[in-house]
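Colleague: Attaching a single structure in structure tokens format; questions to follow.
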Amino acid sequence: MAENIEEKVSKIVAEQFEVPVEKVTLKSLFMDDLKADSLSVVELVLAIEEAFGLEIPDEDAEKIKTVGDVVNYVKARAK
Amino acid sequence: MPRRVAVTGVGLVTPVGVGTEETWDALLAGVSGIGPITRFDASKFSTRFAGEVKGFEPTRWISARDARASMSDPFIQYAMAAGTMAMEDAGLVVDGELAERTGCFVGSGMGGLATIEATHLALQAKGPRHAISPFFVPQLIINLAAGQLSIKYNAKGPCYSQVSACSSGGHAIGDAFRLIQHGEADAMICGGSEAVVTPLGVGGFAAMRALSVRNDDPAAACRPFDLDRDGFVLAEGAGILVLEEMEHARKRGARIHAELEGYAATADAHHITAPAPEGEGAQRCMRKALADARLDPTAIDYINAHGTSTKMNDATETLVVKKVFGDHARRLMIGSTKSMTGHLLGAAGGVEAAFCALAVARGQVPPTINYTTPDPECDLDYVPSSAREISIRHAVSNSFGFGGSNVCLVFGRGDR
């Protein structure tokens, strides 16, 4: 399950930011490494919500800066 | 003396072609760009045809990511395409001190209507959080066509959008001309863009009974000055020019298509949609533009008419030309390229200014197609059916918008 979440998140991130999935690592910073802007990050959060059936409050979303942050958030909320 | 202004770049996205040469060739050949609506199911609408842009691939001009997110609305995509063509045509590199001396004026009548409609439908189905993209607002606001071009080309001068319905593109070019004339800018990327072949766009103009309903023969529906005309034909696209101060253009060895010589803007102050009696506001606008260009009316060889194919416009515009030009009205050519492109609304002034620049540059005049049964009230030389190869000294572009907003531009060869 854990690996599945990581793969799924990486795939969504790659799709949203239109980067090859190989370039997406747990440490990838959205804005610095993947060249996303603040609006694209909002879009990503919405895509994650849809994919995992979650609602991510803005105060939580603001702390999400990397792929790893998303994976950890989803894991914690999925319990 | 105000500074002189050259047209050094032209970019066109129209229902008859994506690209300047594609569009011009089609116009000279008298090709109609009007056909059945494919963008949405129009079967319940009273008008089921329009001038859609065909074969447009946004990723030729912008990245796939931008086409999906920050520039997903077609009115921005058309502006990016036409603006990029115009800048490549001009060969203008905006760097150093030129950056702050270069601006962008791109007008539109309605902006991102397609995005508004699609988002509203999604909102009903999915609720606000998941229906409304963070890129929603930057799709619909009209100045983002100009804004995106300024970002792409590092143009740090004045950047905004003229909004005056079907005059928007003409006003954008005219205002850009003034900035260069009076030394506030050396180069301007300017024109208009529109993309409202949508249910509300078509339905809205149909509700006004403004559109042709010749559903059985769309290519013959736009017939300016013809007795059997029955309304305008909605169309989409973009026309962008690069304007440049004449000496600046000459010093860098730019090719000068034409000179923009005069501009005027007036209001009818009469009615929201109907022209003033005898087209008083339009007459005043044409006279002011000729005076601004310091030209006698007899110097004009070609008028690219507003020529929408509505009963009111074409009769009134003909009368306006007779009043302004007197005996010369019967000697000049007055054509409506809308007979082929349809009415691009806020982009019309942009594409038609480009057509005037090309007409004077190349000595070619596109025809008015579908002019087969002359209206007794419309009895001038409308260049029916066939294009002409003929030297043009000066050409005029008219645009008249809802709200009684008029604009007139005067072009010459730049050789005086």
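Just so we're on the same page: first chain in the structure tokens is A, next is B, and so on; residues restart at 1 for each chain, and ligands are numbered from 1 in the order they show up.
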Give me, as a list in words, the residues of range 264-350 of chain B that a backbone DSSP run labels strand (DSSP E).
Modeller: Ala264, Ala265, Thr266, Ala267, Tyr302, Ile303, Asn304, Met333, Ile334 and Gly335 of chain B
Colleague: Using only C-alpha atoms, find which residues of chain A lie within 9 Å of chain B and jot them down as a PDB file with C-alpha atoms, in the first residue's frame.
Modeller:
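selection.pdb written:
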```pdb
ATOM      1  CA  GLN A  16       0.265  18.074 -13.284  1.00  0.00           C
ATOM      2  CA  PHE A  17       3.673  19.684 -13.798  1.00  0.00           C
ATOM      3  CA  GLU A  18       4.360  17.898 -17.076  1.00  0.00           C
ATOM      4  CA  LEU A  39      -1.248  28.389  -8.835  1.00  0.00           C
ATOM      5  CA  SER A  40       0.000  25.076 -10.223  1.00  0.00           C
ATOM      6  CA  VAL A  42      -2.993  24.711  -5.784  1.00  0.00           C
ATOM      7  CA  GLU A  43      -4.065  22.649  -8.796  1.00  0.00           C
ATOM      8  CA  LEU A  46      -6.922  19.600  -5.772  1.00  0.00           C
ATOM      9  CA  ALA A  47      -5.807  16.674  -7.942  1.00  0.00           C
ATOM     10  CA  GLU A  49      -7.773  15.470  -3.065  1.00  0.00           C
ATOM     11  CA  GLU A  50      -9.702  13.947  -5.958  1.00  0.00           C
TER      12      GLU A  50
END
```
Colleague: Can you list, as a PyMOL selection string, every protein, DNA or RNA residue that comes within 12 Å of Val24 in chain A when you count only C-alpha atoms, leaving out same-chain residues fewer than 4 positions away?
Modeller: chain A and resi 6-20+28-30+33-35+66-68
Colleague: Can you pull out every residue within 8 Å of range 396-412 of chain B, counting only C-alpha atoms, but drop anything in the same chain fewer than 2 positions away, and send it as a ChimeraX atom specification?
Modeller: /B:164-168,170-171,174,258-276,281-282,285-286,289-290,293,300,302-306,348-349,352-353,356-357,360,393-394,414-415
Colleague: Give the answer as one residue: which of B:Thr198, B:Thr372, B:Gln364, B:Thr318 has the shortest atom-to-atom distance to Thr38 in chain B, using only C-alpha atoms?
Modeller: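 Looking at the shortest contact to Thr38 in chain B, the residue is B:Thr198.
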